[in-house]
Amino acid sequence: EAALLAGLPQRPAGLRPDRHPGAAERRRRTVLDAMCRAGFISEKRRARAAAVTVSLLLPRRRRPVVARNRLGLPMTEPLFGPLALRAAQETAVRVRTSLDPEIQARVRTALRTQVERLPGVDDGAAVVIENATGAVRALVGTVDFARSPGGQVNAACKPRSPGSALKPFVYLAALDGGLLIPETALDDSPLTLSDYRPGNFDHRYRGRVTARQALTASLNTPAVRLLRQVGLGRFLDLLRRCGVRSVADGTARPGLSAALGGVELSPLEMANLYAGIARGGRFFPCRFVEHPWTPRPKPRAAPVAPGAVCLLTEMLSAYPLPRCPGIPLAWKTGTSSGRRDAWCAAWDRRWTIIVWLGNKDGRAAPALVGVRAAGPVVAAIVQGLTAGSAPPVNALNPASCTVAVRVCPLTGLRAGPNCPDSRTARRPRGVPLRPCPQCPGPGLAGTPDRNRSPRLRILSPAPGTYLAENGTVSFRLHATPDMPCSWFVDGRFAGRRQGPLWVSLGPGRHRIVCVPPGTAPDAQVVLRVHAGPPS
């Protein structure tokens with residue numbers, strides 16, 4: 001018994017003897033073997049102890065906790081019921097709620113199944129909103145209402161860090177401000193702002209990427225740089241106009257970390273935000289009861305241009321949600337700092353779904369990664385909701401809310417007369433795209449423009465094939481003109497230097513990129529290193 005108990009703290013959820021007896025027994029044998037090797041017990045005693053079957057004395061099943069409303073009547077949904085009563089202002093004896101029992105059961109099953117699979121994760125919450133009416137068709141605030149402690153805490157209404165699930169609203173503010181379109185180039189390189197050093201989740205940097213690539217790959221440094229351009233006040237004002245109360249009452253005081261989840265929101269608030277996007281930019285509060293107890297909500301004045309919402313939805317529906325092939329969805333995941341919260345938001349024209357997984361006491365867990373933890377729950381819910389039908393994602397017609405614009409192929413901004421090989425893209429109707437600052441061409445009176453950035457060239461290494469006689473080859477990275485540039489080797493940041501930088505590379509194909517400061521175009525070279533003589 002002592003050996004069994006000693007093995008449990010390493011992984012309590014995965015080694016519970018009542019749920020995982022085989023794993024608990026294997027762990028007990030590991031502890032006994034270690035005790036024998038260390039000399040605490042003899043081989044004979046180890047064998048005798050390993051042969052003993054440990055029986056579990058389980059407590060009697062407790063009677064379920066039954067919640068009752070203000071009239072003393074039992075409620076089958078004790079976390080949803082109070083919300084509906086409050087919405088009806090407690091003036092009616094009989095209230096018809098917006099809850100759909102079938103969807104509620106499907107959501108609860110999907111949540112419970114995933115929580116049981118994830119080690120170190122005890123709880124979750126989910127909200128499903130019908131976009132057209134704002135009706136909450138499912139709201140699960142806990143996996144086990146009878147669990148103590150915390151089972152009766154409604155996590156669907158408790159603020160948590162949304163991580164990258166809040167990034168789309170930074171891009172929405174930038175789209176609405178004419179700062180970018182999906183084709184605009186952004187900088188993904190190491191960033192240091194005073195004592196704040198945001199990095200990407202995979203610790204890799206891609207150099208210059210398009211806004212579409214940066215958002216779909218959920219890159220952090222472009223999002224923080226973009227928030228600096230948008231302005232923190234403008235971003236918070238957008239959330240306020242979309243109905244986020246924590247911003248409206250002034251309690252939210254984040255810095256640039258707001259781009260990565262520094263503004264805490266509840267799953268219900270997140271569902272309201274994304275439902276507004278799903279409606280094409282019409283934001284109004286969700287509802288918990290049906291007519292005639294509550295009037296149909298009136299949408300607020302659109303806080304952003306419809307074209308900005310349309311382009312954002314296109315960006316987030318470019319790739320299918322894992323485990324949902326063939327189902328058109330826009331979606332975004334989020335993982336809070338320290339892996340304490342895993343999120344997934346998904347929507348089409350009819351439904352908006354928000355899923356949160358975590359621990360109510362804030363404990364971290366390695367399994368709490370948005371796409372791997374919360375994504376499968378959303379997939380399970382979606383497959384039930386869209387069975388036999390696949391409504392389109394975008395609530396807006398791009399032809400009616402966006403217009404064509406010629407853009408520079410280097411910056412993805414509005415092309416000027418000197419931008420090479422400009423191409424056509426789409427911008428939000430009524431929102432002028434900022435001009436390209438990189439290709440101004442000749443100055444007045446035909447004189448060269450001294451503010452124009454000279455074209456960057458990599459002097460060394462040259463493209464080709466190199467022999468690694470001692471396993472690696474040392475390369476001198478040098479570019480002209482001489483300026484403080486950032487160097488990337490195979491997507492990883494190699495250093496920022498004015499002047500040459502040395503790196504050692506092993507066998508394989510390598511891509512070296514040099515990114516200058518400002519908006520000048522980067523330069524790159526591809527080479528190969530062979531372990532033997534080149535073929």
# chains A, B, ... in the order shown; residues from 1 in each chain; ligands from 1
call {"tool": "residues_around", "arguments": {"residues": "Gly276 of chain A", "least_positions_apart": "3", "cutoff": "12 Å", "atoms": "only C-alpha atoms", "output": "PDB file with N, CA, C and O atoms, in the first residue's frame"}}
result
ATOM      1  N   ILE A 129     -23.537  29.453 -29.191  1.00  0.00           N
ATOM      2  CA  ILE A 129     -24.498  30.530 -29.457  1.00  0.00           C
ATOM      3  C   ILE A 129     -25.049  30.371 -30.873  1.00  0.00           C
ATOM      4  O   ILE A 129     -24.292  30.122 -31.818  1.00  0.00           O
ATOM      5  N   GLU A 130     -26.354  30.505 -30.986  1.00  0.00           N
ATOM      6  CA  GLU A 130     -27.000  30.581 -32.297  1.00  0.00           C
ATOM      7  C   GLU A 130     -26.871  32.025 -32.780  1.00  0.00           C
ATOM      8  O   GLU A 130     -27.430  32.942 -32.184  1.00  0.00           O
ATOM      9  N   ASN A 131     -26.147  32.220 -33.862  1.00  0.00           N
ATOM     10  CA  ASN A 131     -25.734  33.571 -34.243  1.00  0.00           C
ATOM     11  C   ASN A 131     -26.894  34.500 -34.549  1.00  0.00           C
ATOM     12  O   ASN A 131     -26.909  35.663 -34.130  1.00  0.00           O
ATOM     13  N   ALA A 132     -27.872  34.026 -35.298  1.00  0.00           N
ATOM     14  CA  ALA A 132     -28.932  34.909 -35.772  1.00  0.00           C
ATOM     15  C   ALA A 132     -29.719  35.529 -34.625  1.00  0.00           C
ATOM     16  O   ALA A 132     -30.080  36.714 -34.668  1.00  0.00           O
ATOM     17  N   THR A 133     -29.981  34.747 -33.584  1.00  0.00           N
ATOM     18  CA  THR A 133     -30.811  35.221 -32.473  1.00  0.00           C
ATOM     19  C   THR A 133     -30.015  35.610 -31.243  1.00  0.00           C
ATOM     20  O   THR A 133     -30.530  36.283 -30.359  1.00  0.00           O
ATOM     21  N   GLY A 134     -28.761  35.167 -31.162  1.00  0.00           N
ATOM     22  CA  GLY A 134     -27.981  35.389 -29.951  1.00  0.00           C
ATOM     23  C   GLY A 134     -28.341  34.443 -28.832  1.00  0.00           C
ATOM     24  O   GLY A 134     -27.877  34.606 -27.702  1.00  0.00           O
ATOM     25  N   PHE A 169      -8.651  40.082 -32.940  1.00  0.00           N
ATOM     26  CA  PHE A 169      -9.223  41.413 -32.767  1.00  0.00           C
ATOM     27  C   PHE A 169      -8.157  42.505 -32.893  1.00  0.00           C
ATOM     28  O   PHE A 169      -8.478  43.652 -33.190  1.00  0.00           O
ATOM     29  N   LEU A 239     -12.668  46.606 -28.297  1.00  0.00           N
ATOM     30  CA  LEU A 239     -13.279  45.590 -27.431  1.00  0.00           C
ATOM     31  C   LEU A 239     -14.466  46.180 -26.675  1.00  0.00           C
ATOM     32  O   LEU A 239     -15.499  45.516 -26.505  1.00  0.00           O
ATOM     33  N   ARG A 241     -16.440  48.653 -27.619  1.00  0.00           N
ATOM     34  CA  ARG A 241     -17.580  48.841 -28.516  1.00  0.00           C
ATOM     35  C   ARG A 241     -18.177  47.508 -28.971  1.00  0.00           C
ATOM     36  O   ARG A 241     -19.317  47.469 -29.423  1.00  0.00           O
ATOM     37  N   CYS A 242     -17.409  46.437 -28.840  1.00  0.00           N
ATOM     38  CA  CYS A 242     -17.947  45.109 -29.149  1.00  0.00           C
ATOM     39  C   CYS A 242     -18.671  44.497 -27.955  1.00  0.00           C
ATOM     40  O   CYS A 242     -19.209  43.393 -28.072  1.00  0.00           O
ATOM     41  N   GLY A 243     -18.655  45.185 -26.805  1.00  0.00           N
ATOM     42  CA  GLY A 243     -19.442  44.728 -25.672  1.00  0.00           C
ATOM     43  C   GLY A 243     -18.683  44.087 -24.545  1.00  0.00           C
ATOM     44  O   GLY A 243     -19.298  43.477 -23.659  1.00  0.00           O
ATOM     45  N   VAL A 244     -17.335  44.191 -24.506  1.00  0.00           N
ATOM     46  CA  VAL A 244     -16.565  43.591 -23.411  1.00  0.00           C
ATOM     47  C   VAL A 244     -16.679  44.486 -22.185  1.00  0.00           C
ATOM     48  O   VAL A 244     -16.162  45.606 -22.167  1.00  0.00           O
ATOM     49  N   GLU A 269     -18.006  35.769 -22.572  1.00  0.00           N
ATOM     50  CA  GLU A 269     -17.632  37.009 -23.256  1.00  0.00           C
ATOM     51  C   GLU A 269     -16.958  36.718 -24.590  1.00  0.00           C
ATOM     52  O   GLU A 269     -17.212  37.396 -25.595  1.00  0.00           O
ATOM     53  N   MET A 270     -16.089  35.703 -24.611  1.00  0.00           N
ATOM     54  CA  MET A 270     -15.425  35.340 -25.866  1.00  0.00           C
ATOM     55  C   MET A 270     -16.444  34.867 -26.898  1.00  0.00           C
ATOM     56  O   MET A 270     -16.342  35.192 -28.087  1.00  0.00           O
ATOM     57  N   ALA A 271     -17.440  34.103 -26.457  1.00  0.00           N
ATOM     58  CA  ALA A 271     -18.469  33.638 -27.378  1.00  0.00           C
ATOM     59  C   ALA A 271     -19.241  34.821 -27.962  1.00  0.00           C
ATOM     60  O   ALA A 271     -19.554  34.840 -29.160  1.00  0.00           O
ATOM     61  N   ASN A 272     -19.548  35.812 -27.126  1.00  0.00           N
ATOM     62  CA  ASN A 272     -20.241  37.007 -27.619  1.00  0.00           C
ATOM     63  C   ASN A 272     -19.406  37.752 -28.652  1.00  0.00           C
ATOM     64  O   ASN A 272     -19.926  38.245 -29.660  1.00  0.00           O
ATOM     65  N   LEU A 273     -18.096  37.863 -28.387  1.00  0.00           N
ATOM     66  CA  LEU A 273     -17.211  38.555 -29.322  1.00  0.00           C
ATOM     67  C   LEU A 273     -17.203  37.862 -30.682  1.00  0.00           C
ATOM     68  O   LEU A 273     -17.390  38.484 -31.727  1.00  0.00           O
ATOM     69  N   ARG A 279     -21.588  37.148 -37.390  1.00  0.00           N
ATOM     70  CA  ARG A 279     -22.731  37.853 -37.989  1.00  0.00           C
ATOM     71  C   ARG A 279     -22.288  38.910 -38.997  1.00  0.00           C
ATOM     72  O   ARG A 279     -23.115  39.658 -39.515  1.00  0.00           O
ATOM     73  N   GLY A 280     -21.009  39.030 -39.224  1.00  0.00           N
ATOM     74  CA  GLY A 280     -20.531  40.036 -40.159  1.00  0.00           C
ATOM     75  C   GLY A 280     -20.302  41.388 -39.521  1.00  0.00           C
ATOM     76  O   GLY A 280     -20.284  42.401 -40.220  1.00  0.00           O
ATOM     77  N   GLY A 281     -20.131  41.444 -38.202  1.00  0.00           N
ATOM     78  CA  GLY A 281     -19.844  42.699 -37.517  1.00  0.00           C
ATOM     79  C   GLY A 281     -21.023  43.268 -36.747  1.00  0.00           C
ATOM     80  O   GLY A 281     -20.961  44.405 -36.286  1.00  0.00           O
ATOM     81  N   ARG A 282     -22.099  42.503 -36.576  1.00  0.00           N
ATOM     82  CA  ARG A 282     -23.255  42.957 -35.781  1.00  0.00           C
ATOM     83  C   ARG A 282     -23.124  42.368 -34.377  1.00  0.00           C
ATOM     84  O   ARG A 282     -23.235  41.159 -34.181  1.00  0.00           O
ATOM     85  N   PHE A 283     -22.869  43.231 -33.415  1.00  0.00           N
ATOM     86  CA  PHE A 283     -22.625  42.801 -32.045  1.00  0.00           C
ATOM     87  C   PHE A 283     -23.825  43.140 -31.165  1.00  0.00           C
ATOM     88  O   PHE A 283     -24.317  44.274 -31.186  1.00  0.00           O
ATOM     89  N   PHE A 284     -24.288  42.166 -30.391  1.00  0.00           N
ATOM     90  CA  PHE A 284     -25.314  42.417 -29.380  1.00  0.00           C
ATOM     91  C   PHE A 284     -25.208  41.321 -28.321  1.00  0.00           C
ATOM     92  O   PHE A 284     -24.661  40.241 -28.583  1.00  0.00           O
ATOM     93  N   PRO A 285     -25.720  41.555 -27.115  1.00  0.00           N
ATOM     94  CA  PRO A 285     -25.581  40.569 -26.037  1.00  0.00           C
ATOM     95  C   PRO A 285     -26.348  39.289 -26.347  1.00  0.00           C
ATOM     96  O   PRO A 285     -27.398  39.307 -26.999  1.00  0.00           O
ATOM     97  N   CYS A 286     -25.824  38.176 -25.880  1.00  0.00           N
ATOM     98  CA  CYS A 286     -26.522  36.908 -26.018  1.00  0.00           C
ATOM     99  C   CYS A 286     -27.732  36.878 -25.084  1.00  0.00           C
ATOM    100  O   CYS A 286     -27.887  37.737 -24.208  1.00  0.00           O
ATOM    101  N   PRO A 299     -28.858  45.062 -32.432  1.00  0.00           N
ATOM    102  CA  PRO A 299     -27.405  45.188 -32.620  1.00  0.00           C
ATOM    103  C   PRO A 299     -26.926  46.612 -32.405  1.00  0.00           C
ATOM    104  O   PRO A 299     -27.634  47.577 -32.691  1.00  0.00           O
ATOM    105  N   ARG A 300     -25.712  46.712 -31.874  1.00  0.00           N
ATOM    106  CA  ARG A 300     -25.082  48.028 -31.735  1.00  0.00           C
ATOM    107  C   ARG A 300     -24.642  48.524 -33.105  1.00  0.00           C
ATOM    108  O   ARG A 300     -24.594  47.778 -34.071  1.00  0.00           O
ATOM    109  N   ALA A 301     -24.316  49.800 -33.169  1.00  0.00           N
ATOM    110  CA  ALA A 301     -23.720  50.336 -34.391  1.00  0.00           C
ATOM    111  C   ALA A 301     -22.429  49.571 -34.679  1.00  0.00           C
ATOM    112  O   ALA A 301     -21.638  49.309 -33.777  1.00  0.00           O
ATOM    113  N   ALA A 302     -22.240  49.179 -35.922  1.00  0.00           N
ATOM    114  CA  ALA A 302     -21.082  48.367 -36.280  1.00  0.00           C
ATOM    115  C   ALA A 302     -19.797  49.076 -35.882  1.00  0.00           C
ATOM    116  O   ALA A 302     -19.552  50.204 -36.330  1.00  0.00           O
ATOM    117  N   PRO A 303     -18.960  48.439 -35.042  1.00  0.00           N
ATOM    118  CA  PRO A 303     -17.735  49.114 -34.597  1.00  0.00           C
ATOM    119  C   PRO A 303     -16.625  49.123 -35.633  1.00  0.00           C
ATOM    120  O   PRO A 303     -15.660  49.859 -35.488  1.00  0.00           O
ATOM    121  N   VAL A 304     -16.753  48.297 -36.669  1.00  0.00           N
ATOM    122  CA  VAL A 304     -15.721  48.227 -37.710  1.00  0.00           C
ATOM    123  C   VAL A 304     -16.392  48.115 -39.069  1.00  0.00           C
ATOM    124  O   VAL A 304     -17.579  47.799 -39.172  1.00  0.00           O
ATOM    125  N   PRO A 306     -17.565  46.508 -42.430  1.00  0.00           N
ATOM    126  CA  PRO A 306     -17.899  45.114 -42.760  1.00  0.00           C
ATOM    127  C   PRO A 306     -16.791  44.399 -43.534  1.00  0.00           C
ATOM    128  O   PRO A 306     -16.561  43.207 -43.331  1.00  0.00           O
ATOM    129  N   VAL A 309     -14.261  42.731 -41.287  1.00  0.00           N
ATOM    130  CA  VAL A 309     -14.749  41.471 -40.731  1.00  0.00           C
ATOM    131  C   VAL A 309     -14.692  40.375 -41.790  1.00  0.00           C
ATOM    132  O   VAL A 309     -14.300  39.232 -41.518  1.00  0.00           O
ATOM    133  N   CYS A 310     -15.068  40.712 -43.008  1.00  0.00           N
ATOM    134  CA  CYS A 310     -15.060  39.746 -44.104  1.00  0.00           C
ATOM    135  C   CYS A 310     -13.654  39.208 -44.362  1.00  0.00           C
ATOM    136  O   CYS A 310     -13.447  37.994 -44.479  1.00  0.00           O
ATOM    137  N   THR A 313     -12.444  36.943 -41.489  1.00  0.00           N
ATOM    138  CA  THR A 313     -13.049  35.618 -41.557  1.00  0.00           C
ATOM    139  C   THR A 313     -12.399  34.773 -42.638  1.00  0.00           C
ATOM    140  O   THR A 313     -12.166  33.570 -42.453  1.00  0.00           O
ATOM    141  N   TRP A 347     -16.540  29.115 -35.715  1.00  0.00           N
ATOM    142  CA  TRP A 347     -17.851  29.612 -36.108  1.00  0.00           C
ATOM    143  C   TRP A 347     -18.078  29.401 -37.595  1.00  0.00           C
ATOM    144  O   TRP A 347     -17.147  29.298 -38.383  1.00  0.00           O
ATOM    145  N   ASP A 348     -19.358  29.305 -37.941  1.00  0.00           N
ATOM    146  CA  ASP A 348     -19.807  29.416 -39.317  1.00  0.00           C
ATOM    147  C   ASP A 348     -20.968  30.406 -39.320  1.00  0.00           C
ATOM    148  O   ASP A 348     -21.159  31.141 -38.345  1.00  0.00           O
ATOM    149  N   ARG A 349     -21.755  30.413 -40.369  1.00  0.00           N
ATOM    150  CA  ARG A 349     -22.810  31.416 -40.441  1.00  0.00           C
ATOM    151  C   ARG A 349     -23.890  31.179 -39.370  1.00  0.00           C
ATOM    152  O   ARG A 349     -24.545  32.121 -38.930  1.00  0.00           O
ATOM    153  N   ARG A 350     -24.051  29.925 -38.903  1.00  0.00           N
ATOM    154  CA  ARG A 350     -25.145  29.625 -37.985  1.00  0.00           C
ATOM    155  C   ARG A 350     -24.717  29.568 -36.525  1.00  0.00           C
ATOM    156  O   ARG A 350     -25.429  30.040 -35.648  1.00  0.00           O
ATOM    157  N   TRP A 351     -23.529  28.973 -36.248  1.00  0.00           N
ATOM    158  CA  TRP A 351     -23.145  28.700 -34.862  1.00  0.00           C
ATOM    159  C   TRP A 351     -21.821  29.359 -34.503  1.00  0.00           C
ATOM    160  O   TRP A 351     -20.935  29.500 -35.340  1.00  0.00           O
ATOM    161  N   THR A 352     -21.677  29.713 -33.218  1.00  0.00           N
ATOM    162  CA  THR A 352     -20.389  30.108 -32.640  1.00  0.00           C
ATOM    163  C   THR A 352     -20.136  29.220 -31.431  1.00  0.00           C
ATOM    164  O   THR A 352     -21.019  29.056 -30.574  1.00  0.00           O
ATOM    165  N   ASN A 394     -18.598  32.714 -44.270  1.00  0.00           N
ATOM    166  CA  ASN A 394     -18.652  34.169 -44.273  1.00  0.00           C
ATOM    167  C   ASN A 394     -20.089  34.663 -44.388  1.00  0.00           C
ATOM    168  O   ASN A 394     -20.824  34.283 -45.295  1.00  0.00           O
ATOM    169  N   ALA A 395     -20.483  35.504 -43.448  1.00  0.00           N
ATOM    170  CA  ALA A 395     -21.829  36.079 -43.487  1.00  0.00           C
ATOM    171  C   ALA A 395     -21.924  37.230 -44.468  1.00  0.00           C
ATOM    172  O   ALA A 395     -23.017  37.754 -44.697  1.00  0.00           O
TER     173      ALA A 395
END
call {"tool": "select_by_dssp", "arguments": {"residues": "segment 316-463 of chain A", "states": "alpha helix (DSSP H)", "output": "list in words"}}
result
Leu316, Gly370, Val371, Arg372, Ala373, Gly375, Pro376, Val377, Val378, Ala379, Ala380, Ile381, Val382, Gln383, Gly384, Leu385, Pro398, Ala399, Ser400 and Cys401 of chain A
call {"tool": "select_by_dssp", "arguments": {"residues": "segment 143-368 of chain A", "states": "strand (DSSP E or B)", "output": "compact mmCIF listing (two decimals) with N, CA and C atoms, in the first residue's frame"}}
result
# COMPACT_ATOMS: atom_id res chain seq x y z
N ARG A 160 -10.58 34.41 -17.71
CA ARG A 160 -9.29 33.73 -17.83
C ARG A 160 -8.52 34.37 -18.97
N ALA A 185 3.07 42.63 -45.63
CA ALA A 185 4.23 42.00 -44.99
C ALA A 185 4.38 42.48 -43.55
N LEU A 186 4.62 41.52 -42.64
CA LEU A 186 4.89 41.81 -41.24
C LEU A 186 6.22 41.21 -40.84
N ASP A 187 6.77 41.69 -39.75
CA ASP A 187 8.10 41.28 -39.29
C ASP A 187 7.97 40.28 -38.15
N ASP A 188 8.49 39.08 -38.37
CA ASP A 188 8.56 38.07 -37.31
C ASP A 188 10.02 37.82 -36.96
N LEU A 193 11.12 44.94 -25.77
CA LEU A 193 10.50 46.22 -25.43
C LEU A 193 10.66 46.44 -23.93
N TYR A 196 9.97 43.60 -21.59
CA TYR A 196 9.01 42.67 -22.19
C TYR A 196 9.63 42.07 -23.44
N GLY A 207 11.10 35.57 -40.00
CA GLY A 207 11.51 36.74 -40.77
C GLY A 207 10.29 37.48 -41.29
N ARG A 208 10.28 37.77 -42.58
CA ARG A 208 9.18 38.51 -43.17
C ARG A 208 8.07 37.55 -43.60
N VAL A 209 6.85 37.80 -43.13
CA VAL A 209 5.69 36.97 -43.44
C VAL A 209 4.52 37.88 -43.79
N THR A 210 3.51 37.32 -44.45
CA THR A 210 2.30 38.09 -44.71
C THR A 210 1.42 38.09 -43.47
N LEU A 265 -10.84 37.40 -20.22
CA LEU A 265 -12.25 37.35 -20.62
C LEU A 265 -12.81 35.98 -20.25
N ARG A 287 -28.59 35.90 -25.26
CA ARG A 287 -29.78 35.81 -24.40
C ARG A 287 -29.96 34.38 -23.92
N VAL A 289 -33.15 33.36 -22.37
CA VAL A 289 -34.56 32.98 -22.35
C VAL A 289 -35.20 33.37 -23.68
N ALA A 330 -14.44 28.93 -39.67
CA ALA A 330 -13.37 29.85 -39.27
C ALA A 330 -13.05 29.50 -37.82
N TRP A 331 -11.79 29.52 -37.46
CA TRP A 331 -11.43 29.08 -36.11
C TRP A 331 -10.10 29.69 -35.67
N LYS A 332 -9.93 29.75 -34.37
CA LYS A 332 -8.68 30.24 -33.77
C LYS A 332 -8.51 29.59 -32.41
N THR A 333 -7.30 29.17 -32.12
CA THR A 333 -6.99 28.58 -30.82
C THR A 333 -6.18 29.55 -29.98
N GLY A 334 -6.04 29.23 -28.70
CA GLY A 334 -5.26 30.07 -27.79
C GLY A 334 -4.70 29.25 -26.65
N THR A 335 -3.49 29.60 -26.22
CA THR A 335 -2.85 28.96 -25.07
C THR A 335 -2.29 30.07 -24.20
N ASP A 341 -4.32 27.68 -19.57
CA ASP A 341 -5.62 27.72 -20.23
C ASP A 341 -5.45 27.31 -21.68
N ALA A 342 -6.37 26.48 -22.15
CA ALA A 342 -6.40 26.09 -23.56
C ALA A 342 -7.76 26.48 -24.12
N TRP A 343 -7.76 27.16 -25.27
CA TRP A 343 -8.98 27.69 -25.87
C TRP A 343 -9.11 27.25 -27.31
N CYS A 344 -10.34 27.20 -27.78
CA CYS A 344 -10.61 27.10 -29.21
C CYS A 344 -11.93 27.79 -29.49
N ALA A 345 -11.92 28.68 -30.49
CA ALA A 345 -13.12 29.35 -30.96
C ALA A 345 -13.36 28.93 -32.40
N ALA A 346 -14.61 28.65 -32.75
CA ALA A 346 -14.94 28.27 -34.12
C ALA A 346 -16.33 28.79 -34.44
N TRP A 347 -16.54 29.11 -35.72
CA TRP A 347 -17.85 29.61 -36.11
C TRP A 347 -18.08 29.40 -37.60
N TRP A 351 -23.53 28.97 -36.25
CA TRP A 351 -23.15 28.70 -34.86
C TRP A 351 -21.82 29.36 -34.50
N THR A 352 -21.68 29.71 -33.22
CA THR A 352 -20.39 30.11 -32.64
C THR A 352 -20.14 29.22 -31.43
N ILE A 353 -18.93 28.66 -31.36
CA ILE A 353 -18.57 27.72 -30.29
C ILE A 353 -17.29 28.19 -29.63
N ILE A 354 -17.30 28.21 -28.30
CA ILE A 354 -16.10 28.53 -27.52
C ILE A 354 -15.88 27.40 -26.53
N VAL A 355 -14.64 26.91 -26.46
CA VAL A 355 -14.27 25.85 -25.50
C VAL A 355 -13.05 26.30 -24.72
N TRP A 356 -13.13 26.13 -23.40
CA TRP A 356 -11.99 26.38 -22.51
C TRP A 356 -11.71 25.13 -21.71
N LEU A 357 -10.41 24.78 -21.58
CA LEU A 357 -9.99 23.67 -20.73
C LEU A 357 -8.90 24.18 -19.79
N GLY A 358 -8.92 23.71 -18.55
CA GLY A 358 -7.91 24.13 -17.58
C GLY A 358 -8.29 23.64 -16.20
call {"tool": "residues_around", "arguments": {"residues": "Ala34 of chain A", "least_positions_apart": "6", "cutoff": "12 Å", "atoms": "only C-alpha atoms", "output": "ChimeraX atom specification"}}
result
/A:3,6-7,27-28,40-43,46
call {"tool": "closest_residue", "arguments": {"among": "A:Ala24, A:Glu290, A:Gln10, A:Val170", "to": "Val136 of chain A", "atoms": "only C-alpha atoms"}}
result
A:Glu290
call {"tool": "atom_distance", "arguments": {"atom1": "atom CA of Ala125 of chain A", "atom2": "atom CA of Pro82 of chain A"}}
result
16.5 Å
call {"tool": "residues_around", "arguments": {"residues": "Asp100 of chain A", "least_positions_apart": "5", "cutoff": "12 Å", "atoms": "only C-alpha atoms", "output": "number ranges by chain"}}
result
A: 77, 80, 105-107, 127-130, 135-140, 288-290, 385
call {"tool": "write_last_selection", "arguments": {"atoms": "N, CA and C atoms", "output": "CSV table (one decimal), in the first residue's frame"}}
result
chain,number,residue,atom,x,y,z
A,77,GLU,N,-30.1,22.0,-14.8
A,77,GLU,CA,-28.9,22.7,-15.3
A,77,GLU,C,-28.6,23.8,-14.3
A,80,PHE,N,-26.7,27.0,-15.6
A,80,PHE,CA,-27.4,27.8,-16.6
A,80,PHE,C,-28.7,28.4,-16.0
A,105,ALA,N,-26.2,18.3,-24.0
A,105,ALA,CA,-25.7,16.9,-23.7
A,105,ALA,C,-24.5,16.6,-24.5
A,106,ARG,N,-24.5,17.0,-25.8
A,106,ARG,CA,-23.4,16.7,-26.7
A,106,ARG,C,-22.2,17.5,-26.2
A,107,VAL,N,-22.3,18.7,-25.8
A,107,VAL,CA,-21.2,19.6,-25.4
A,107,VAL,C,-20.6,19.0,-24.1
A,127,VAL,N,-19.4,27.2,-24.5
A,127,VAL,CA,-20.6,27.9,-24.9
A,127,VAL,C,-20.9,27.8,-26.3
A,128,VAL,N,-22.2,27.6,-26.7
A,128,VAL,CA,-22.6,27.5,-28.1
A,128,VAL,C,-23.7,28.5,-28.2
A,129,ILE,N,-23.5,29.5,-29.2
A,129,ILE,CA,-24.5,30.5,-29.5
A,129,ILE,C,-25.0,30.4,-30.9
A,130,GLU,N,-26.4,30.5,-31.0
A,130,GLU,CA,-27.0,30.6,-32.3
A,130,GLU,C,-26.9,32.0,-32.8
A,135,ALA,N,-29.2,33.4,-29.1
A,135,ALA,CA,-29.6,32.5,-28.1
A,135,ALA,C,-28.5,31.6,-27.7
A,136,VAL,N,-28.3,31.4,-26.4
A,136,VAL,CA,-27.3,30.5,-25.9
A,136,VAL,C,-27.9,29.1,-25.9
A,137,ARG,N,-27.5,28.2,-26.8
A,137,ARG,CA,-28.1,26.9,-26.9
A,137,ARG,C,-27.4,25.9,-26.0
A,138,ALA,N,-26.2,26.2,-25.6
A,138,ALA,CA,-25.5,25.3,-24.6
A,138,ALA,C,-24.6,26.1,-23.8
A,139,LEU,N,-24.5,25.8,-22.5
A,139,LEU,CA,-23.5,26.5,-21.7
A,139,LEU,C,-23.2,25.5,-20.6
A,140,VAL,N,-22.0,25.0,-20.6
A,140,VAL,CA,-21.4,24.0,-19.6
A,140,VAL,C,-20.3,24.7,-18.9
A,288,PHE,N,-30.6,34.2,-22.8
A,288,PHE,CA,-30.8,32.9,-22.1
A,288,PHE,C,-32.2,32.5,-22.1
A,289,VAL,N,-33.2,33.4,-22.4
A,289,VAL,CA,-34.6,33.0,-22.3
A,289,VAL,C,-35.2,33.4,-23.7
A,290,GLU,N,-36.3,32.7,-24.0
A,290,GLU,CA,-37.0,32.9,-25.3
A,290,GLU,C,-38.0,34.0,-25.1
A,385,LEU,N,-23.4,19.4,-34.8
A,385,LEU,CA,-24.2,20.5,-35.1
A,385,LEU,C,-24.4,20.6,-36.6
call {"tool": "closest_residue", "arguments": {"among": "A:Glu183, A:Asp421, A:Glu314, A:Asp361", "to": "Val393 of chain A", "atoms": "only C-alpha atoms"}}
result
A:Glu314
call {"tool": "residues_around", "arguments": {"residues": "Pro428 of chain A", "least_positions_apart": "6", "cutoff": "10 Å", "atoms": "only C-alpha atoms", "output": "PyMOL selection string"}}
result
chain A and resi 175-178+181+304-311+398+400-405
call {"tool": "closest_residue", "arguments": {"among": "A:Leu433, A:Leu312, A:Ala259, A:Ala155", "to": "Val224 of chain A", "atoms": "only C-alpha atoms"}}
result
A:Ala259
call {"tool": "closest_residue", "arguments": {"among": "A:Trp487, A:Ala23, A:Leu85, A:Leu172", "to": "Ser98 of chain A", "atoms": "only C-alpha atoms"}}
result
A:Leu85
call {"tool": "residues_around", "arguments": {"residues": "Leu456 of chain A", "least_positions_apart": "4", "cutoff": "10 Å", "atoms": "only C-alpha atoms", "output": "PyMOL selection string"}}
result
chain A and resi 479-483+485+514-516+520-524
